[in-house]
Amino acid sequence: MYPARFDYEAPASLEAALSALAERGDEARVLAGGQSLIPMMKPRLATPEALVDINRVEGLDTIDEVDGQLRLGALVRHNAIVQSGLVSRINAVMAAAAPWIADPLVRNLGTIGGSLAHADPEGDWASVMLACRGEVVATSRSGERVIPVSELIVDMFTTSMQPGEILTQVRVPIATRPSGGAYLKLERKVGDYATVGVATRLELDDAGRIADAGIALTSVGPTNIQATAAEEALVGQEPGDDMFAAAAELAVQASNPHSDVRGPAEYKRQVVRAYVRRGLARSYEMARQSASAA
Ligand SMILES: Cc1cc2nc3c(=O)[nH]c(=O)nc-3n(C[C@H](O)[C@H](O)[C@H](O)COP(=O)(O)OP(=O)(O)OC[C@H]3O[C@@H](n4cnc5c(N)ncnc54)[C@H](O)[C@@H]3O)c2cc1C
């Protein structure tokens, strides 16, 4: 099928893109990589009257280290994250997740900003950002708002962004303590969305105890899920397999999978259990090594 008719604008500056969006109000949608929006427009699941293509807007595709944060422009493609030495040096969860996103074609076009704005519970970046305490910058003609990803994702395909706002930047804190992270994803075949995805992150204090923990789940509920009780259970504890197994049980309780073509709900719970435990063990090993290298 072909999409319904729509107007198309491709402004060359952020100001012009914000003006175009403000003028069209609810009728307009931002077009980034088009890897989720266009497939929805073709069968007319989405019928925006206008698209504001932000691909020509300069300065939205950079990856930098600023003020203790990793800052990624909204237009940074999944593949640029795969290839980024800065990301692989600074954030193990992002580096582990990026190669698992879709296939090479989608990774060349799809963007991190588009993925977070789309709020698909099967999307991998929102789990990574929940585990890493990421934030986004939403820019409108009246200024900027910084929104933690935990407050950005409101429901399935629904964010707290307002009409007229463009997601311009993603910010991720850089760990100052020994840290490690992982993203484990079960997929039926290469390029598929997750049957289950699990993001884990651990930071250690000077005594080798867990100072901070992040755990988030993909494809096992109506949104990406931050397993808060599991995270809290780990903080202040001696790392070890019993602790990781207990956290995995709490993460299973936080999940709410449904049976579908990717497998029965109970199978997905088992995968959450195994992957949280395994992801925490991998994160701990990495953190321990970074502590001994320091
Ligand atoms: C075959 C296939 C397999 C895939 N597999 C995976 C996978 O395994 N894991 C995964 O995470 N994703 C997967 N995806 C989705 C892919 O990652 C998309 O790139 C991503 O979800 C959306 O990013 P985009 O830049 O393409 O956004 P678009 O499709 O351009 O936009 C998506 C939505 O976000 C809005 N939007 C986009 N950018 C902004 C912005 N800067 N500010 C405000 N709103 C904005 C748009 O208006 C639209 O509503 C897959 C896609 C395909 C086609």
# chains A, B, ... in the order shown; residues from 1 in each chain; ligands from 1
$ residues_near_ligand --ligand "ligand 1" --cutoff "7 Å" --atoms "only C-alpha atoms and all ligand atoms" --output "ChimeraX atom specification"
/A:29-39,74-75,100-103,106-107,109-115,117-118,120,122-125,165-168,191-194
$ write_last_selection --atoms "C-alpha atoms" --output "PDB file, in the first residue's frame"
ATOM      1  CA  ARG A  29       5.219  14.344  12.634  1.00  0.00           C
ATOM      2  CA  VAL A  30       8.986  14.495  12.737  1.00  0.00           C
ATOM      3  CA  LEU A  31      10.731  12.230  10.210  1.00  0.00           C
ATOM      4  CA  ALA A  32      14.150  10.940  11.326  1.00  0.00           C
ATOM      5  CA  GLY A  33      15.403   7.582  10.008  1.00  0.00           C
ATOM      6  CA  GLY A  34      11.899   6.641   8.846  1.00  0.00           C
ATOM      7  CA  GLN A  35      12.448   3.021   9.880  1.00  0.00           C
ATOM      8  CA  SER A  36       9.398   2.938  12.137  1.00  0.00           C
ATOM      9  CA  LEU A  37       7.272   5.813  10.803  1.00  0.00           C
ATOM     10  CA  ILE A  38       7.286   4.891   7.108  1.00  0.00           C
ATOM     11  CA  PRO A  39       6.340   1.220   7.739  1.00  0.00           C
ATOM     12  CA  ALA A  74      19.027  12.684  18.186  1.00  0.00           C
ATOM     13  CA  LEU A  75      20.044  11.885  14.601  1.00  0.00           C
ATOM     14  CA  TRP A 100      21.795  -6.147  18.141  1.00  0.00           C
ATOM     15  CA  ILE A 101      19.466  -3.517  16.740  1.00  0.00           C
ATOM     16  CA  ALA A 102      17.692  -4.732  13.620  1.00  0.00           C
ATOM     17  CA  ASP A 103      19.849  -5.430  10.560  1.00  0.00           C
ATOM     18  CA  VAL A 106      17.988  -0.389   9.439  1.00  0.00           C
ATOM     19  CA  ARG A 107      21.055   0.401  11.545  1.00  0.00           C
ATOM     20  CA  LEU A 109      19.221   4.809   8.818  1.00  0.00           C
ATOM     21  CA  GLY A 110      17.448   4.411  12.177  1.00  0.00           C
ATOM     22  CA  THR A 111      18.323   6.932  14.876  1.00  0.00           C
ATOM     23  CA  ILE A 112      18.601   6.805  18.648  1.00  0.00           C
ATOM     24  CA  GLY A 113      16.277   9.813  18.973  1.00  0.00           C
ATOM     25  CA  GLY A 114      13.682   8.210  16.716  1.00  0.00           C
ATOM     26  CA  SER A 115      13.824   4.988  18.667  1.00  0.00           C
ATOM     27  CA  ALA A 117      10.505   9.037  20.564  1.00  0.00           C
ATOM     28  CA  HIS A 118       8.733   6.022  19.059  1.00  0.00           C
ATOM     29  CA  ASP A 120       8.023   0.814  21.035  1.00  0.00           C
ATOM     30  CA  GLU A 122      10.217  -3.904  21.624  1.00  0.00           C
ATOM     31  CA  GLY A 123      12.792  -1.154  21.022  1.00  0.00           C
ATOM     32  CA  ASP A 124      16.171  -1.790  22.614  1.00  0.00           C
ATOM     33  CA  TRP A 125      17.411   1.761  23.322  1.00  0.00           C
ATOM     34  CA  GLU A 165       8.815  19.468  20.571  1.00  0.00           C
ATOM     35  CA  ILE A 166      11.744  17.786  18.863  1.00  0.00           C
ATOM     36  CA  LEU A 167      13.911  15.322  20.741  1.00  0.00           C
ATOM     37  CA  THR A 168      17.312  16.860  20.082  1.00  0.00           C
ATOM     38  CA  GLY A 191      17.433  -8.588  12.518  1.00  0.00           C
ATOM     39  CA  ASP A 192      14.346  -9.477  14.526  1.00  0.00           C
ATOM     40  CA  TYR A 193      13.001  -7.509  17.444  1.00  0.00           C
ATOM     41  CA  ALA A 194      13.739  -9.001  20.870  1.00  0.00           C
TER      42      ALA A 194
END
$ select_by_dssp --residues "range 141-170 of chain A" --states "strand (DSSP E)" --output "list in words"
Gly143, Glu144, Arg145, Val146, Ile147, Pro148, Ile153, Val154, Asp155, Thr158, Thr159, Ile166, Leu167, Thr168, Gln169 and Val170 of chain A
$ residues_around --residues "Ala95 in chain A" --least-positions-apart "3" --cutoff "9 Å" --atoms "only C-alpha atoms" --output "VMD selection string"
chain A and resid 81 to 84 87 to 92 98 to 99 182 to 183
$ residues_around --residues "Ser179 in chain A" --least-positions-apart "4" --cutoff "12 Å" --atoms "only C-alpha atoms" --output "PyMOL selection string"
chain A and resi 89-93+132+174-175+200-206+208-214+280+282-294
$ select_by_dssp --residues "range 173-235 of chain A" --states "alpha helix (DSSP H)" --output "JSON, numbers by chain"
{"A": [228, 229, 230, 231, 232, 233, 234]}
$ residues_around --residues "Leu51 in chain A" --least-positions-apart "3" --cutoff "9 Å" --atoms "only C-alpha atoms" --output "VMD selection string"
chain A and resid 6 to 10 21 27 to 31 48
$ write_last_selection --atoms "N, CA, C and O atoms" --output "PDB file, in the first residue's frame"
ATOM      1  N   PHE A   6       0.566  13.444   2.058  1.00  0.00           N
ATOM      2  CA  PHE A   6       1.069  14.284   3.157  1.00  0.00           C
ATOM      3  C   PHE A   6       1.939  15.392   2.577  1.00  0.00           C
ATOM      4  O   PHE A   6       2.493  15.247   1.477  1.00  0.00           O
ATOM      5  N   ASP A   7       2.024  16.498   3.305  1.00  0.00           N
ATOM      6  CA  ASP A   7       2.955  17.563   2.934  1.00  0.00           C
ATOM      7  C   ASP A   7       4.319  17.205   3.502  1.00  0.00           C
ATOM      8  O   ASP A   7       4.409  16.521   4.531  1.00  0.00           O
ATOM      9  N   TYR A   8       5.355  17.693   2.837  1.00  0.00           N
ATOM     10  CA  TYR A   8       6.713  17.329   3.247  1.00  0.00           C
ATOM     11  C   TYR A   8       7.582  18.570   3.299  1.00  0.00           C
ATOM     12  O   TYR A   8       7.589  19.361   2.360  1.00  0.00           O
ATOM     13  N   GLU A   9       8.268  18.732   4.412  1.00  0.00           N
ATOM     14  CA  GLU A   9       9.231  19.839   4.526  1.00  0.00           C
ATOM     15  C   GLU A   9      10.530  19.273   5.053  1.00  0.00           C
ATOM     16  O   GLU A   9      10.509  18.413   5.933  1.00  0.00           O
ATOM     17  N   ALA A  10      11.639  19.809   4.542  1.00  0.00           N
ATOM     18  CA  ALA A  10      12.956  19.363   5.020  1.00  0.00           C
ATOM     19  C   ALA A  10      13.794  20.590   5.370  1.00  0.00           C
ATOM     20  O   ALA A  10      14.699  20.969   4.628  1.00  0.00           O
ATOM     21  N   LEU A  21       6.946  22.674  12.707  1.00  0.00           N
ATOM     22  CA  LEU A  21       6.154  21.809  13.604  1.00  0.00           C
ATOM     23  C   LEU A  21       5.088  22.615  14.342  1.00  0.00           C
ATOM     24  O   LEU A  21       3.948  22.177  14.468  1.00  0.00           O
ATOM     25  N   GLU A  27      -1.057  17.871  13.463  1.00  0.00           N
ATOM     26  CA  GLU A  27      -1.098  17.206  12.145  1.00  0.00           C
ATOM     27  C   GLU A  27       0.272  16.719  11.700  1.00  0.00           C
ATOM     28  O   GLU A  27       0.379  15.878  10.822  1.00  0.00           O
ATOM     29  N   ALA A  28       1.337  17.303  12.294  1.00  0.00           N
ATOM     30  CA  ALA A  28       2.692  17.045  11.771  1.00  0.00           C
ATOM     31  C   ALA A  28       3.427  16.010  12.606  1.00  0.00           C
ATOM     32  O   ALA A  28       3.207  15.873  13.810  1.00  0.00           O
ATOM     33  N   ARG A  29       4.305  15.268  11.932  1.00  0.00           N
ATOM     34  CA  ARG A  29       5.219  14.344  12.634  1.00  0.00           C
ATOM     35  C   ARG A  29       6.634  14.613  12.157  1.00  0.00           C
ATOM     36  O   ARG A  29       6.868  14.970  10.998  1.00  0.00           O
ATOM     37  N   VAL A  30       7.566  14.408  13.089  1.00  0.00           N
ATOM     38  CA  VAL A  30       8.986  14.495  12.737  1.00  0.00           C
ATOM     39  C   VAL A  30       9.364  13.231  11.960  1.00  0.00           C
ATOM     40  O   VAL A  30       8.924  12.129  12.320  1.00  0.00           O
ATOM     41  N   LEU A  31      10.176  13.385  10.916  1.00  0.00           N
ATOM     42  CA  LEU A  31      10.731  12.230  10.210  1.00  0.00           C
ATOM     43  C   LEU A  31      12.232  12.196  10.482  1.00  0.00           C
ATOM     44  O   LEU A  31      12.943  13.149  10.176  1.00  0.00           O
ATOM     45  N   PRO A  48      -0.075  11.019   9.162  1.00  0.00           N
ATOM     46  CA  PRO A  48       0.201  12.437   9.424  1.00  0.00           C
ATOM     47  C   PRO A  48      -0.070  13.270   8.173  1.00  0.00           C
ATOM     48  O   PRO A  48       0.167  12.808   7.058  1.00  0.00           O
TER      49      PRO A  48
END
$ closest_atom_pairs --of "range 210-232 of chain A" --to "range 137-156 of chain A" --cutoff "10 Å" --atoms "only C-alpha atoms" --output "JSON lines"
{"residue": "A:Gly221", "atom": "CA", "partner": "A:Met156", "partner_atom": "CA", "distance": 8.9}
{"residue": "A:Pro222", "atom": "CA", "partner": "A:Met156", "partner_atom": "CA", "distance": 5.4}
{"residue": "A:Thr223", "atom": "CA", "partner": "A:Met156", "partner_atom": "CA", "distance": 5.3}
{"residue": "A:Asn224", "atom": "CA", "partner": "A:Ile153", "partner_atom": "CA", "distance": 7.9}
{"residue": "A:Ile225", "atom": "CA", "partner": "A:Ser150", "partner_atom": "CA", "distance": 9.0}
{"residue": "A:Gln226", "atom": "CA", "partner": "A:Ser150", "partner_atom": "CA", "distance": 7.8}
$ write_last_selection --atoms "N, CA and C atoms" --output "CSV table (one decimal), in the first residue's frame"
chain,number,residue,atom,x,y,z
A,221,GLY,N,6.5,-6.5,28.3
A,221,GLY,CA,5.4,-5.7,28.9
A,221,GLY,C,5.0,-4.6,27.9
A,222,PRO,N,4.0,-3.8,28.3
A,222,PRO,CA,3.5,-2.8,27.4
A,222,PRO,C,4.4,-1.6,27.2
A,223,THR,N,5.5,-1.5,28.0
A,223,THR,CA,6.6,-0.5,27.8
A,223,THR,C,7.9,-1.2,28.2
A,224,ASN,N,9.0,-0.6,27.9
A,224,ASN,CA,10.3,-1.1,28.4
A,224,ASN,C,10.1,-0.9,30.0
A,225,ILE,N,10.7,-1.9,30.7
A,225,ILE,CA,10.4,-1.9,32.1
A,225,ILE,C,11.7,-1.7,32.9
A,226,GLN,N,11.8,-0.7,33.8
A,226,GLN,CA,12.9,-0.6,34.7
A,226,GLN,C,12.6,-1.5,35.9
$ closest_residue --among "A:Ala274, A:Leu105, A:Ala233, A:Met129" --to "Arg77 in chain A" --atoms "only C-alpha atoms"
A:Leu105
$ residues_around --residues "Leu186 in chain A" --least-positions-apart "5" --cutoff "8 Å" --atoms "only C-alpha atoms" --output "ChimeraX atom specification"
/A:194-197
$ write_last_selection --atoms "N, CA, C and O atoms" --output "PDB file, in the first residue's frame"
ATOM      1  N   ALA A 194      13.427  -8.087  19.772  1.00  0.00           N
ATOM      2  CA  ALA A 194      13.739  -9.001  20.870  1.00  0.00           C
ATOM      3  C   ALA A 194      12.546  -9.877  21.236  1.00  0.00           C
ATOM      4  O   ALA A 194      11.422  -9.390  21.334  1.00  0.00           O
ATOM      5  N   THR A 195      12.810 -11.161  21.438  1.00  0.00           N
ATOM      6  CA  THR A 195      11.856 -11.995  22.178  1.00  0.00           C
ATOM      7  C   THR A 195      11.918 -11.544  23.634  1.00  0.00           C
ATOM      8  O   THR A 195      10.902 -11.330  24.284  1.00  0.00           O
ATOM      9  N   VAL A 196      13.127 -11.362  24.115  1.00  0.00           N
ATOM     10  CA  VAL A 196      13.409 -10.761  25.424  1.00  0.00           C
ATOM     11  C   VAL A 196      14.754 -10.031  25.299  1.00  0.00           C
ATOM     12  O   VAL A 196      15.699 -10.560  24.713  1.00  0.00           O
ATOM     13  N   GLY A 197      14.820  -8.839  25.857  1.00  0.00           N
ATOM     14  CA  GLY A 197      16.102  -8.124  25.956  1.00  0.00           C
ATOM     15  C   GLY A 197      16.308  -7.685  27.397  1.00  0.00           C
ATOM     16  O   GLY A 197      15.343  -7.332  28.081  1.00  0.00           O
TER      17      GLY A 197
END
$ closest_residue --among "A:Thr218, A:Glu49, A:His258, A:Ala131" --to "Ala230 in chain A" --atoms "only C-alpha atoms"
A:Ala131
$ atom_distance --atom1 "CA of Gln162 in chain A" --atom2 "CA of Ala17 in chain A"
14.9 Å
$ atom_distance --atom1 "CA of Gly236 in chain A" --atom2 "CA of Ser255 in chain A"
23.8 Å
$ residues_around --residues "Pro163 in chain A" --least-positions-apart "4" --cutoff "8 Å" --atoms "only C-alpha atoms" --output "mmCIF file with all heavy atoms, in the first residue's frame"
data_model
loop_
_atom_site.group_PDB
_atom_site.id
_atom_site.type_symbol
_atom_site.label_atom_id
_atom_site.label_comp_id
_atom_site.auth_asym_id
_atom_site.auth_seq_id
_atom_site.Cartn_x
_atom_site.Cartn_y
_atom_site.Cartn_z
ATOM 1 N N LEU A 21 6.946 22.674 12.707
ATOM 2 C CA LEU A 21 6.154 21.809 13.604
ATOM 3 C C LEU A 21 5.088 22.615 14.342
ATOM 4 O O LEU A 21 3.948 22.177 14.468
ATOM 5 C CB LEU A 21 7.074 21.175 14.652
ATOM 6 C CG LEU A 21 7.651 19.801 14.409
ATOM 7 C CD1 LEU A 21 8.340 19.323 15.673
ATOM 8 C CD2 LEU A 21 6.591 18.791 13.972
ATOM 9 N N ALA A 22 5.489 23.799 14.830
ATOM 10 C CA ALA A 22 4.548 24.623 15.601
ATOM 11 C C ALA A 22 3.378 25.048 14.715
ATOM 12 O O ALA A 22 2.227 25.066 15.154
ATOM 13 C CB ALA A 22 5.271 25.842 16.166
ATOM 14 N N GLY A 25 1.069 21.932 14.179
ATOM 15 C CA GLY A 25 0.473 21.358 15.398
ATOM 16 C C GLY A 25 0.399 19.843 15.355
ATOM 17 O O GLY A 25 1.333 19.171 14.910
ATOM 18 N N ASP A 26 -0.753 19.310 15.797
ATOM 19 C CA ASP A 26 -0.950 17.862 15.908
ATOM 20 C C ASP A 26 -0.880 17.117 14.572
ATOM 21 O O ASP A 26 -0.701 15.911 14.535
ATOM 22 C CB ASP A 26 -2.342 17.564 16.506
ATOM 23 C CG ASP A 26 -2.317 17.763 18.004
ATOM 24 O OD1 ASP A 26 -1.212 17.939 18.546
ATOM 25 O OD2 ASP A 26 -3.411 17.742 18.605
#
